[in-house]
>>> print(open('model.cif').read())   # mmCIF, C-alpha atoms
data_final
#
loop_
_atom_site.group_PDB
_atom_site.id
_atom_site.type_symbol
_atom_site.label_atom_id
_atom_site.label_comp_id
_atom_site.auth_asym_id
_atom_site.auth_seq_id
_atom_site.Cartn_x
_atom_site.Cartn_y
_atom_site.Cartn_z
ATOM 1 C CA MET A 1 9.557 -9.044 -1.856
ATOM 2 C CA ASP A 2 7.713 -8.872 -5.129
ATOM 3 C CA LEU A 3 4.018 -8.085 -5.526
ATOM 4 C CA THR A 4 3.050 -11.726 -6.168
ATOM 5 C CA ALA A 5 4.738 -12.896 -2.939
ATOM 6 C CA PHE A 6 3.078 -10.056 -1.035
ATOM 7 C CA GLU A 7 -0.364 -10.996 -2.367
ATOM 8 C CA LYS A 8 0.253 -14.635 -1.448
ATOM 9 C CA SER A 9 1.251 -13.784 2.125
ATOM 10 C CA LEU A 10 -1.745 -11.472 2.399
ATOM 11 C CA LYS A 11 -4.111 -14.233 1.287
ATOM 12 C CA SER A 12 -2.666 -16.492 3.972
ATOM 13 C CA GLY A 13 -3.324 -13.725 6.506
ATOM 14 C CA LYS A 14 0.319 -13.592 7.558
ATOM 15 C CA LEU A 15 2.457 -10.553 6.995
ATOM 16 C CA ASN A 16 5.948 -11.040 8.387
ATOM 17 C CA TYR A 17 6.920 -7.412 8.856
ATOM 18 C CA PRO A 18 5.138 -4.536 10.612
ATOM 19 C CA VAL A 19 6.632 -1.890 8.316
ATOM 20 C CA LEU A 20 5.903 -2.133 4.612
ATOM 21 C CA ILE A 21 7.483 0.154 2.066
ATOM 22 C CA PHE A 22 5.363 0.417 -1.067
ATOM 23 C CA ALA A 23 7.922 1.790 -3.509
ATOM 24 C CA GLY A 24 7.893 2.613 -7.191
ATOM 25 C CA PRO A 25 5.903 4.787 -9.546
ATOM 26 C CA GLU A 26 2.612 2.871 -9.855
ATOM 27 C CA HIS A 27 0.234 4.573 -7.407
ATOM 28 C CA PHE A 28 -2.864 2.608 -8.472
ATOM 29 C CA LEU A 29 -1.258 -0.748 -7.631
ATOM 30 C CA LYS A 30 -0.092 0.581 -4.252
ATOM 31 C CA GLU A 31 -3.628 1.684 -3.405
ATOM 32 C CA LYS A 32 -5.017 -1.641 -4.575
ATOM 33 C CA ALA A 33 -2.542 -3.520 -2.362
ATOM 34 C CA PHE A 34 -3.449 -1.384 0.659
ATOM 35 C CA SER A 35 -7.152 -1.992 -0.005
ATOM 36 C CA GLY A 36 -6.348 -5.708 -0.136
ATOM 37 C CA MET A 37 -4.707 -5.419 3.283
ATOM 38 C CA ILE A 38 -7.823 -3.788 4.685
ATOM 39 C CA GLN A 39 -10.076 -6.478 3.193
ATOM 40 C CA SER A 40 -7.888 -9.330 4.412
ATOM 41 C CA LEU A 41 -6.887 -8.152 7.870
ATOM 42 C CA ILE A 42 -9.595 -5.888 9.274
ATOM 43 C CA PRO A 43 -13.223 -6.930 9.823
ATOM 44 C CA GLU A 44 -15.624 -4.381 8.380
ATOM 45 C CA GLU A 45 -16.957 -3.339 11.788
ATOM 46 C CA ASP A 46 -13.424 -2.336 12.931
ATOM 47 C CA ARG A 47 -12.270 -0.485 9.823
ATOM 48 C CA SER A 48 -13.310 3.008 10.886
ATOM 49 C CA ASP A 49 -11.236 2.664 14.070
ATOM 50 C CA ASN A 50 -8.315 0.627 12.769
ATOM 51 C CA VAL A 51 -7.455 2.123 9.365
ATOM 52 C CA THR A 52 -5.727 5.504 9.240
ATOM 53 C CA ARG A 53 -4.529 7.361 6.145
ATOM 54 C CA VAL A 54 -2.337 10.398 6.651
ATOM 55 C CA GLY A 55 -0.247 12.719 4.563
ATOM 56 C CA SER A 56 3.240 13.871 5.400
ATOM 57 C CA SER A 57 2.732 17.467 6.447
ATOM 58 C CA ALA A 58 4.468 18.964 9.452
ATOM 59 C CA LYS A 59 1.202 18.689 11.411
ATOM 60 C CA GLU A 60 0.120 15.202 10.334
ATOM 61 C CA LEU A 61 3.326 13.294 11.088
ATOM 62 C CA PRO A 62 3.469 14.120 14.837
ATOM 63 C CA ASP A 63 -0.273 13.465 15.154
ATOM 64 C CA VAL A 64 0.032 10.021 13.595
ATOM 65 C CA LEU A 65 2.785 9.106 16.082
ATOM 66 C CA GLN A 66 0.289 9.643 18.893
ATOM 67 C CA GLN A 67 -2.234 7.458 17.080
ATOM 68 C CA ILE A 68 0.292 4.687 16.415
ATOM 69 C CA PHE A 69 1.290 4.518 20.083
ATOM 70 C CA SER A 70 -2.276 4.670 21.372
ATOM 71 C CA PHE A 71 -4.393 1.565 21.902
ATOM 72 C CA THR A 72 -7.552 0.288 20.312
ATOM 73 C CA PHE A 73 -10.647 -1.164 21.897
ATOM 74 C CA ASN A 74 -10.872 -4.154 19.557
ATOM 75 C CA ASP A 75 -8.667 -7.132 18.722
ATOM 76 C CA SER A 76 -8.149 -6.356 15.026
ATOM 77 C CA PRO A 77 -4.802 -5.234 13.641
ATOM 78 C CA ARG A 78 -4.327 -1.539 12.930
ATOM 79 C CA LEU A 79 -3.191 -0.205 9.558
ATOM 80 C CA PHE A 80 -1.532 3.162 9.027
ATOM 81 C CA LEU A 81 -0.923 4.443 5.512
ATOM 82 C CA ILE A 82 1.682 7.213 5.408
ATOM 83 C CA GLN A 83 1.251 8.911 2.049
ATOM 84 C CA ASP A 84 3.740 11.176 0.274
ATOM 85 C CA ILE A 85 6.521 10.642 2.799
ATOM 86 C CA ASP A 86 8.852 11.821 0.012
ATOM 87 C CA ALA A 87 7.218 15.267 0.248
ATOM 88 C CA ALA A 88 8.205 15.787 3.888
ATOM 89 C CA THR A 89 11.374 17.727 4.470
ATOM 90 C CA ALA A 90 14.440 15.627 5.260
ATOM 91 C CA LYS A 91 14.359 16.844 8.881
ATOM 92 C CA GLN A 92 10.635 16.110 9.331
ATOM 93 C CA ARG A 93 11.076 12.649 7.836
ATOM 94 C CA ARG A 94 14.181 11.886 9.907
ATOM 95 C CA ASP A 95 12.539 13.080 13.157
ATOM 96 C CA PHE A 96 9.406 11.048 12.454
ATOM 97 C CA LEU A 97 11.323 7.883 11.564
ATOM 98 C CA ASP A 98 13.638 8.263 14.573
ATOM 99 C CA LYS A 99 10.727 8.575 17.012
ATOM 100 C CA LEU A 100 8.844 5.714 15.383
ATOM 101 C CA SER A 101 11.838 3.376 15.326
ATOM 102 C CA GLN A 102 12.834 4.239 18.909
ATOM 103 C CA GLY A 103 9.327 3.571 20.192
ATOM 104 C CA GLY A 104 9.018 0.345 18.230
ATOM 105 C CA VAL A 105 6.001 -0.620 16.199
ATOM 106 C CA PRO A 106 3.242 -1.820 18.546
ATOM 107 C CA ALA A 107 1.971 -5.395 18.250
ATOM 108 C CA ASP A 108 -0.762 -5.965 15.658
ATOM 109 C CA THR A 109 0.118 -2.715 13.913
ATOM 110 C CA PHE A 110 1.185 -2.354 10.290
ATOM 111 C CA ILE A 111 2.644 0.855 8.932
ATOM 112 C CA VAL A 112 2.672 1.257 5.159
ATOM 113 C CA PHE A 113 4.784 3.977 3.582
ATOM 114 C CA LEU A 114 3.983 5.069 0.025
ATOM 115 C CA VAL A 115 7.228 6.244 -1.556
ATOM 116 C CA SER A 116 8.294 7.174 -5.049
ATOM 117 C CA GLU A 117 11.969 7.867 -4.489
ATOM 118 C CA ALA A 118 14.408 4.993 -4.004
ATOM 119 C CA ARG A 119 16.465 7.108 -1.596
ATOM 120 C CA THR A 120 13.473 7.557 0.729
ATOM 121 C CA ALA A 121 12.653 3.838 0.559
ATOM 122 C CA GLY A 122 16.246 3.076 1.547
ATOM 123 C CA GLU A 123 16.099 5.564 4.415
ATOM 124 C CA ILE A 124 12.968 3.897 5.842
ATOM 125 C CA ALA A 125 14.371 0.388 5.372
ATOM 126 C CA GLY A 126 17.571 1.467 7.135
ATOM 127 C CA LYS A 127 15.637 2.673 10.186
ATOM 128 C CA PHE A 128 13.590 -0.519 10.483
ATOM 129 C CA LYS A 129 16.218 -3.033 9.308
ATOM 130 C CA GLN A 130 14.708 -6.391 10.393
ATOM 131 C CA GLN A 131 11.156 -5.069 10.724
ATOM 132 C CA SER A 132 10.511 -3.880 7.186
ATOM 133 C CA GLU A 133 9.852 -5.219 3.735
ATOM 134 C CA ARG A 134 10.004 -3.271 0.497
ATOM 135 C CA ILE A 135 7.576 -4.074 -2.294
ATOM 136 C CA ASP A 136 8.142 -2.413 -5.662
ATOM 137 C CA PHE A 137 5.113 -1.438 -7.748
ATOM 138 C CA TRP A 138 5.595 -1.080 -11.482
ATOM 139 C CA ALA A 139 3.039 -0.985 -14.260
ATOM 140 C CA PRO A 140 3.068 -4.029 -16.517
ATOM 141 C CA PHE A 141 5.091 -3.688 -19.705
ATOM 142 C CA ALA A 142 3.066 -2.963 -22.845
ATOM 143 C CA ASN A 143 3.279 -6.609 -23.957
ATOM 144 C CA GLN A 144 1.861 -7.728 -20.554
ATOM 145 C CA LEU A 145 -0.974 -5.227 -20.298
ATOM 146 C CA GLY A 146 -3.541 -7.417 -22.083
ATOM 147 C CA ALA A 147 -2.884 -10.275 -19.653
ATOM 148 C CA TRP A 148 -3.185 -7.828 -16.734
ATOM 149 C CA ILE A 149 -6.602 -6.706 -18.021
ATOM 150 C CA LYS A 150 -7.731 -10.322 -18.296
ATOM 151 C CA ARG A 151 -6.627 -11.040 -14.695
ATOM 152 C CA GLN A 152 -8.430 -7.949 -13.412
ATOM 153 C CA ALA A 153 -11.603 -8.963 -15.223
ATOM 154 C CA ASN A 154 -11.277 -12.467 -13.820
ATOM 155 C CA GLU A 155 -10.988 -11.047 -10.276
ATOM 156 C CA ILE A 156 -14.405 -9.410 -10.617
ATOM 157 C CA GLY A 157 -15.950 -12.507 -12.166
ATOM 158 C CA SER A 158 -15.904 -11.401 -15.803
ATOM 159 C CA GLU A 159 -14.101 -12.669 -18.831
ATOM 160 C CA VAL A 160 -12.337 -10.603 -21.469
ATOM 161 C CA SER A 161 -10.867 -11.902 -24.700
ATOM 162 C CA SER A 162 -7.377 -10.930 -25.815
ATOM 163 C CA GLU A 163 -8.889 -8.926 -28.664
ATOM 164 C CA ALA A 164 -11.185 -7.034 -26.288
ATOM 165 C CA ALA A 165 -8.256 -6.308 -23.958
ATOM 166 C CA ASP A 166 -6.209 -4.929 -26.849
ATOM 167 C CA PHE A 167 -9.175 -2.820 -27.980
ATOM 168 C CA LEU A 168 -9.629 -1.433 -24.467
ATOM 169 C CA ILE A 169 -5.953 -0.422 -24.376
ATOM 170 C CA GLU A 170 -6.415 1.261 -27.746
ATOM 171 C CA LEU A 171 -9.457 3.180 -26.499
ATOM 172 C CA VAL A 172 -8.344 4.352 -23.047
ATOM 173 C CA GLY A 173 -4.572 3.993 -23.016
ATOM 174 C CA SER A 174 -2.304 2.279 -20.519
ATOM 175 C CA ASP A 175 -3.200 4.074 -17.274
ATOM 176 C CA LEU A 176 -4.011 1.246 -14.835
ATOM 177 C CA ALA A 177 -6.548 3.216 -12.800
ATOM 178 C CA THR A 178 -8.514 4.128 -15.931
ATOM 179 C CA LEU A 179 -8.311 0.581 -17.263
ATOM 180 C CA HIS A 180 -9.488 -0.817 -13.931
ATOM 181 C CA GLN A 181 -12.376 1.643 -13.872
ATOM 182 C CA GLU A 182 -13.487 0.463 -17.313
ATOM 183 C CA ILE A 183 -13.062 -3.202 -16.390
ATOM 184 C CA SER A 184 -15.158 -2.656 -13.247
ATOM 185 C CA LYS A 185 -18.071 -1.643 -15.442
ATOM 186 C CA LEU A 186 -18.240 -5.267 -16.621
ATOM 187 C CA ALA A 187 -19.273 -6.502 -13.173
#
>>> encode(input="model.cif", output="structure tokens")
Amino acid sequence: MDLTAFEKSLKSGKLNYPVLIFAGPEHFLKEKAFSGMIQSLIPEEDRSDNVTRVGSSAKELPDVLQQIFSFTFNDSPRLFLIQDIDAATAKQRRDFLDKLSQGGVPADTFIVFLVSEARTAGEIAGKFKQQSERIDFWAPFANQLGAWIKRQANEIGSEVSSEAADFLIELVGSDLATLHQEISKLA
């Protein structure tokens, strides 16, 4: 699935797979997509209980399994963001994925893995065959960056000319997080 298709399904409120693999090098876009999931799927009053972000340390992975298989006291979906799964040892990752796949992903639960390595993305997809979707996150090419800036400005209700977008790129560079931070100042 590409990012545009993911955003479209998110806007409709229907995600088809409980396991999402956010792959690729662009961390800012992954975070933005996860924030979009929170905004679209979880009412504000349930977010503190239903959104969990964890790393991939030897202590955090077993703890998050307990959280995934526990229940919640509200009707909202639950979101789990597993960060840096690439950093876990192969054994830790394999044990975690085995236990998670054997237990099955509970209803109304979405597990998002942030991965940088294609091998790790393939390993996760292999464990959750028909239950997972991989979305690749790449920064726009240099010739598309101005249009990206204009879309981001439009999302916050501002307008940026092509010349202003090019000037912003010249001033701050092509890092999407920095560009977004500067664009947000227009709101």
>>> residues_around(input="model.cif", residues="segment 173-187 of chain A", least_positions_apart="5", cutoff="8 Å", atoms="only C-alpha atoms", output="list in words")
Phe28, Leu29, Ala139, Ala142, Leu145, Ile149, Gln152, Ala153, Ile156, Gly157, Ser158 and Leu168 of chain A
>>> closest_residue(input="model.cif", among="A:Glu117, A:Ile68, A:Leu79, A:Lys59", to="Gln92 of chain A", atoms="only C-alpha atoms")
A:Lys59
>>> atom_distance(input="model.cif", atom1="atom CA of Pro62 of chain A", atom2="atom CA of Asp86 of chain A")
15.9 Å
>>> residues_around(input="model.cif", residues="Glu133 of chain A", least_positions_apart="4", cutoff="9 Å", atoms="all atoms listed in the file", output="list of chain:residue names")
A:Met1, A:Asn16, A:Tyr17, A:Pro18, A:Val19, A:Leu20, A:Ile21, A:Phe22, A:Ala125, A:Lys129
>>> atom_distance(input="model.cif", atom1="atom CA of Asn143 of chain A", atom2="atom CA of Lys8 of chain A")
24.1 Å
>>> residues_near_point(input="model.cif", point="(12.9, -3.8, -9.5)", cutoff="10 Å", atoms="all atoms listed in the file", output="JSON list (two decimals) with C-alpha atoms, in the coordinates of the input")
[["chain", "number", "residue", "atom", "x", "y", "z"],
["A", 1, "MET", "CA", 9.56, -9.04, -1.86],
["A", 2, "ASP", "CA", 7.71, -8.87, -5.13],
["A", 23, "ALA", "CA", 7.92, 1.79, -3.51],
["A", 24, "GLY", "CA", 7.89, 2.61, -7.19],
["A", 135, "ILE", "CA", 7.58, -4.07, -2.29],
["A", 136, "ASP", "CA", 8.14, -2.41, -5.66],
["A", 137, "PHE", "CA", 5.11, -1.44, -7.75],
["A", 138, "TRP", "CA", 5.60, -1.08, -11.48]]
>>> resolve_selection(input="model.cif", expression="the PyMOL selection byres ((chain A and resi 15) around 12)", output="list in words")
Met1, Ala5, Phe6, Glu7, Lys8, Ser9, Leu10, Lys11, Ser12, Gly13, Lys14, Asn16, Tyr17, Pro18, Val19, Leu20, Met37, Ser40, Leu41, Pro77, Asp108, Thr109, Phe110, Ile111, Val112, Gln131, Ser132 and Glu133 of chain A
>>> resolve_selection(input="model.cif", expression="the PyMOL selection byres ((chain A and resi 85) around 9)", output="ChimeraX atom specification")
/A:55-57,82-84,86-89,93,113-116,120
>>> residues_around(input="model.cif", residues="Gln102 of chain A", least_positions_apart="4", cutoff="12 Å", atoms="only C-alpha atoms", output="ChimeraX atom specification")
/A:65,69,94-98,106,127-128
>>> atom_distance(input="model.cif", atom1="atom CA of Gly104 of chain A", atom2="atom CA of Pro25 of chain A")
28.3 Å
>>> resolve_selection(input="model.cif", expression="the PyMOL selection byres ((chain A and resi 38) around 10)", output="list in words")
Lys32, Ala33, Phe34, Ser35, Gly36, Met37, Gln39, Ser40, Leu41, Ile42, Pro43, Glu44, Arg47, Asn50, Val51, Pro77, Arg78 and Leu79 of chain A
>>> residues_around(input="model.cif", residues="Ala164 of chain A", least_positions_apart="5", cutoff="10 Å", atoms="only C-alpha atoms", output="list in words")
Gly146, Ile149, Lys150, Glu159, Ile169 and Glu170 of chain A
>>> closest_residue(input="model.cif", among="A:Thr52, A:Ala58, A:Gly103, A:Gln67", to="Phe80 of chain A", atoms="all atoms listed in the file")
A:Thr52
>>> closest_residue(input="model.cif", among="A:Ile124, A:Asp49, A:Glu60, A:Lys91", to="Phe73 of chain A", atoms="all atoms listed in the file")
A:Asp49
>>> closest_residue(input="model.cif", among="A:Thr4, A:Gln130, A:Ala90, A:Ala121", to="Val105 of chain A", atoms="all atoms listed in the file")
A:Gln130
>>> decode(input="model.cif", residues="segment 82-128 of chain A", atoms="N, CA and C atoms", output="PDB file, in the first residue's frame")
ATOM      1  N   ILE A  82       5.332   0.343  17.943  1.00  0.00           N
ATOM      2  CA  ILE A  82       6.559  -0.355  18.328  1.00  0.00           C
ATOM      3  C   ILE A  82       7.696   0.310  17.560  1.00  0.00           C
ATOM      4  N   GLN A  83       8.486   1.089  18.280  1.00  0.00           N
ATOM      5  CA  GLN A  83       9.557   1.862  17.659  1.00  0.00           C
ATOM      6  C   GLN A  83      10.866   1.071  17.664  1.00  0.00           C
ATOM      7  N   ASP A  84      11.687   1.317  16.683  1.00  0.00           N
ATOM      8  CA  ASP A  84      13.050   0.766  16.623  1.00  0.00           C
ATOM      9  C   ASP A  84      13.097  -0.753  16.739  1.00  0.00           C
ATOM     10  N   ILE A  85      12.131  -1.429  16.145  1.00  0.00           N
ATOM     11  CA  ILE A  85      12.133  -2.892  16.213  1.00  0.00           C
ATOM     12  C   ILE A  85      13.394  -3.462  15.556  1.00  0.00           C
ATOM     13  N   ASP A  86      13.997  -2.691  14.654  1.00  0.00           N
ATOM     14  CA  ASP A  86      15.260  -3.108  14.029  1.00  0.00           C
ATOM     15  C   ASP A  86      16.377  -3.240  15.062  1.00  0.00           C
ATOM     16  N   ALA A  87      16.290  -2.436  16.140  1.00  0.00           N
ATOM     17  CA  ALA A  87      17.356  -2.400  17.145  1.00  0.00           C
ATOM     18  C   ALA A  87      17.320  -3.606  18.085  1.00  0.00           C
ATOM     19  N   ALA A  88      16.208  -4.298  18.154  1.00  0.00           N
ATOM     20  CA  ALA A  88      16.129  -5.487  19.005  1.00  0.00           C
ATOM     21  C   ALA A  88      17.022  -6.574  18.417  1.00  0.00           C
ATOM     22  N   THR A  89      17.525  -7.430  19.280  1.00  0.00           N
ATOM     23  CA  THR A  89      18.318  -8.535  18.752  1.00  0.00           C
ATOM     24  C   THR A  89      17.402  -9.446  17.944  1.00  0.00           C
ATOM     25  N   ALA A  90      17.975 -10.243  17.082  1.00  0.00           N
ATOM     26  CA  ALA A  90      17.176 -11.150  16.243  1.00  0.00           C
ATOM     27  C   ALA A  90      16.341 -12.086  17.121  1.00  0.00           C
ATOM     28  N   LYS A  91      16.915 -12.579  18.207  1.00  0.00           N
ATOM     29  CA  LYS A  91      16.183 -13.482  19.102  1.00  0.00           C
ATOM     30  C   LYS A  91      15.040 -12.751  19.801  1.00  0.00           C
ATOM     31  N   GLN A  92      15.288 -11.557  20.318  1.00  0.00           N
ATOM     32  CA  GLN A  92      14.227 -10.789  20.982  1.00  0.00           C
ATOM     33  C   GLN A  92      13.080 -10.515  20.010  1.00  0.00           C
ATOM     34  N   ARG A  93      13.442 -10.106  18.808  1.00  0.00           N
ATOM     35  CA  ARG A  93      12.426  -9.789  17.795  1.00  0.00           C
ATOM     36  C   ARG A  93      11.637 -11.046  17.425  1.00  0.00           C
ATOM     37  N   ARG A  94      12.323 -12.134  17.185  1.00  0.00           N
ATOM     38  CA  ARG A  94      11.669 -13.389  16.805  1.00  0.00           C
ATOM     39  C   ARG A  94      10.737 -13.864  17.918  1.00  0.00           C
ATOM     40  N   ASP A  95      11.207 -13.850  19.173  1.00  0.00           N
ATOM     41  CA  ASP A  95      10.379 -14.278  20.302  1.00  0.00           C
ATOM     42  C   ASP A  95       9.131 -13.403  20.419  1.00  0.00           C
ATOM     43  N   PHE A  96       9.318 -12.107  20.311  1.00  0.00           N
ATOM     44  CA  PHE A  96       8.193 -11.173  20.410  1.00  0.00           C
ATOM     45  C   PHE A  96       7.180 -11.424  19.297  1.00  0.00           C
ATOM     46  N   LEU A  97       7.651 -11.514  18.067  1.00  0.00           N
ATOM     47  CA  LEU A  97       6.753 -11.726  16.931  1.00  0.00           C
ATOM     48  C   LEU A  97       6.054 -13.085  16.998  1.00  0.00           C
ATOM     49  N   ASP A  98       6.777 -14.104  17.456  1.00  0.00           N
ATOM     50  CA  ASP A  98       6.158 -15.433  17.607  1.00  0.00           C
ATOM     51  C   ASP A  98       5.010 -15.382  18.612  1.00  0.00           C
ATOM     52  N   LYS A  99       5.258 -14.800  19.770  1.00  0.00           N
ATOM     53  CA  LYS A  99       4.216 -14.731  20.810  1.00  0.00           C
ATOM     54  C   LYS A  99       3.036 -13.890  20.341  1.00  0.00           C
ATOM     55  N   LEU A 100       3.319 -12.793  19.667  1.00  0.00           N
ATOM     56  CA  LEU A 100       2.251 -11.919  19.193  1.00  0.00           C
ATOM     57  C   LEU A 100       1.424 -12.604  18.107  1.00  0.00           C
ATOM     58  N   SER A 101       2.089 -13.267  17.175  1.00  0.00           N
ATOM     59  CA  SER A 101       1.349 -13.923  16.094  1.00  0.00           C
ATOM     60  C   SER A 101       0.578 -15.143  16.597  1.00  0.00           C
ATOM     61  N   GLN A 102       1.122 -15.863  17.569  1.00  0.00           N
ATOM     62  CA  GLN A 102       0.427 -17.023  18.122  1.00  0.00           C
ATOM     63  C   GLN A 102      -0.813 -16.611  18.899  1.00  0.00           C
ATOM     64  N   GLY A 103      -0.717 -15.494  19.617  1.00  0.00           N
ATOM     65  CA  GLY A 103      -1.855 -15.024  20.400  1.00  0.00           C
ATOM     66  C   GLY A 103      -2.913 -14.354  19.551  1.00  0.00           C
ATOM     67  N   GLY A 104      -2.523 -13.903  18.365  1.00  0.00           N
ATOM     68  CA  GLY A 104      -3.450 -13.181  17.500  1.00  0.00           C
ATOM     69  C   GLY A 104      -3.640 -11.748  17.977  1.00  0.00           C
ATOM     70  N   VAL A 105      -3.847 -10.862  17.062  1.00  0.00           N
ATOM     71  CA  VAL A 105      -4.052  -9.467  17.423  1.00  0.00           C
ATOM     72  C   VAL A 105      -5.503  -9.304  17.870  1.00  0.00           C
ATOM     73  N   PRO A 106      -5.717  -8.805  19.086  1.00  0.00           N
ATOM     74  CA  PRO A 106      -7.091  -8.645  19.577  1.00  0.00           C
ATOM     75  C   PRO A 106      -7.921  -7.714  18.685  1.00  0.00           C
ATOM     76  N   ALA A 107      -9.229  -7.899  18.733  1.00  0.00           N
ATOM     77  CA  ALA A 107     -10.145  -7.050  17.959  1.00  0.00           C
ATOM     78  C   ALA A 107      -9.955  -5.590  18.357  1.00  0.00           C
ATOM     79  N   ASP A 108     -10.171  -4.694  17.412  1.00  0.00           N
ATOM     80  CA  ASP A 108     -10.048  -3.255  17.639  1.00  0.00           C
ATOM     81  C   ASP A 108      -8.680  -2.847  18.155  1.00  0.00           C
ATOM     82  N   THR A 109      -7.663  -3.563  17.734  1.00  0.00           N
ATOM     83  CA  THR A 109      -6.285  -3.240  18.106  1.00  0.00           C
ATOM     84  C   THR A 109      -5.461  -3.124  16.839  1.00  0.00           C
ATOM     85  N   PHE A 110      -4.663  -2.067  16.773  1.00  0.00           N
ATOM     86  CA  PHE A 110      -3.745  -1.859  15.650  1.00  0.00           C
ATOM     87  C   PHE A 110      -2.336  -1.782  16.203  1.00  0.00           C
ATOM     88  N   ILE A 111      -1.441  -2.535  15.591  1.00  0.00           N
ATOM     89  CA  ILE A 111      -0.043  -2.529  15.993  1.00  0.00           C
ATOM     90  C   ILE A 111       0.759  -1.986  14.822  1.00  0.00           C
ATOM     91  N   VAL A 112       1.492  -0.913  15.076  1.00  0.00           N
ATOM     92  CA  VAL A 112       2.293  -0.255  14.050  1.00  0.00           C
ATOM     93  C   VAL A 112       3.759  -0.467  14.388  1.00  0.00           C
ATOM     94  N   PHE A 113       4.485  -1.048  13.459  1.00  0.00           N
ATOM     95  CA  PHE A 113       5.925  -1.237  13.612  1.00  0.00           C
ATOM     96  C   PHE A 113       6.650  -0.186  12.781  1.00  0.00           C
ATOM     97  N   LEU A 114       7.566   0.554  13.414  1.00  0.00           N
ATOM     98  CA  LEU A 114       8.437   1.463  12.669  1.00  0.00           C
ATOM     99  C   LEU A 114       9.715   0.705  12.358  1.00  0.00           C
ATOM    100  N   VAL A 115      10.002   0.526  11.070  1.00  0.00           N
ATOM    101  CA  VAL A 115      11.197  -0.209  10.669  1.00  0.00           C
ATOM    102  C   VAL A 115      11.963   0.579   9.617  1.00  0.00           C
ATOM    103  N   SER A 116      13.270   0.398   9.642  1.00  0.00           N
ATOM    104  CA  SER A 116      14.117   1.024   8.630  1.00  0.00           C
ATOM    105  C   SER A 116      14.667  -0.004   7.655  1.00  0.00           C
ATOM    106  N   GLU A 117      14.872  -1.219   8.153  1.00  0.00           N
ATOM    107  CA  GLU A 117      15.488  -2.254   7.334  1.00  0.00           C
ATOM    108  C   GLU A 117      14.434  -3.097   6.620  1.00  0.00           C
ATOM    109  N   ALA A 118      14.644  -3.306   5.335  1.00  0.00           N
ATOM    110  CA  ALA A 118      13.706  -4.100   4.531  1.00  0.00           C
ATOM    111  C   ALA A 118      13.609  -5.535   5.049  1.00  0.00           C
ATOM    112  N   ARG A 119      14.715  -6.072   5.528  1.00  0.00           N
ATOM    113  CA  ARG A 119      14.721  -7.442   6.049  1.00  0.00           C
ATOM    114  C   ARG A 119      13.773  -7.576   7.245  1.00  0.00           C
ATOM    115  N   THR A 120      13.800  -6.588   8.139  1.00  0.00           N
ATOM    116  CA  THR A 120      12.924  -6.622   9.314  1.00  0.00           C
ATOM    117  C   THR A 120      11.468  -6.482   8.888  1.00  0.00           C
ATOM    118  N   ALA A 121      11.197  -5.602   7.939  1.00  0.00           N
ATOM    119  CA  ALA A 121       9.828  -5.437   7.431  1.00  0.00           C
ATOM    120  C   ALA A 121       9.319  -6.753   6.853  1.00  0.00           C
ATOM    121  N   GLY A 122      10.165  -7.451   6.118  1.00  0.00           N
ATOM    122  CA  GLY A 122       9.797  -8.743   5.550  1.00  0.00           C
ATOM    123  C   GLY A 122       9.556  -9.795   6.615  1.00  0.00           C
ATOM    124  N   GLU A 123      10.352  -9.763   7.671  1.00  0.00           N
ATOM    125  CA  GLU A 123      10.189 -10.708   8.779  1.00  0.00           C
ATOM    126  C   GLU A 123       8.825 -10.510   9.454  1.00  0.00           C
ATOM    127  N   ILE A 124       8.449  -9.260   9.690  1.00  0.00           N
ATOM    128  CA  ILE A 124       7.157  -8.970  10.330  1.00  0.00           C
ATOM    129  C   ILE A 124       6.015  -9.368   9.405  1.00  0.00           C
ATOM    130  N   ALA A 125       6.117  -8.994   8.140  1.00  0.00           N
ATOM    131  CA  ALA A 125       5.066  -9.345   7.169  1.00  0.00           C
ATOM    132  C   ALA A 125       4.913 -10.857   7.062  1.00  0.00           C
ATOM    133  N   GLY A 126       6.009 -11.587   7.128  1.00  0.00           N
ATOM    134  CA  GLY A 126       5.956 -13.047   7.060  1.00  0.00           C
ATOM    135  C   GLY A 126       5.225 -13.665   8.245  1.00  0.00           C
ATOM    136  N   LYS A 127       5.363 -13.073   9.414  1.00  0.00           N
ATOM    137  CA  LYS A 127       4.693 -13.589  10.611  1.00  0.00           C
ATOM    138  C   LYS A 127       3.192 -13.317  10.590  1.00  0.00           C
ATOM    139  N   PHE A 128       2.793 -12.213   9.959  1.00  0.00           N
ATOM    140  CA  PHE A 128       1.389 -11.806   9.994  1.00  0.00           C
ATOM    141  C   PHE A 128       0.745 -11.837   8.614  1.00  0.00           C
TER     142      PHE A 128
END
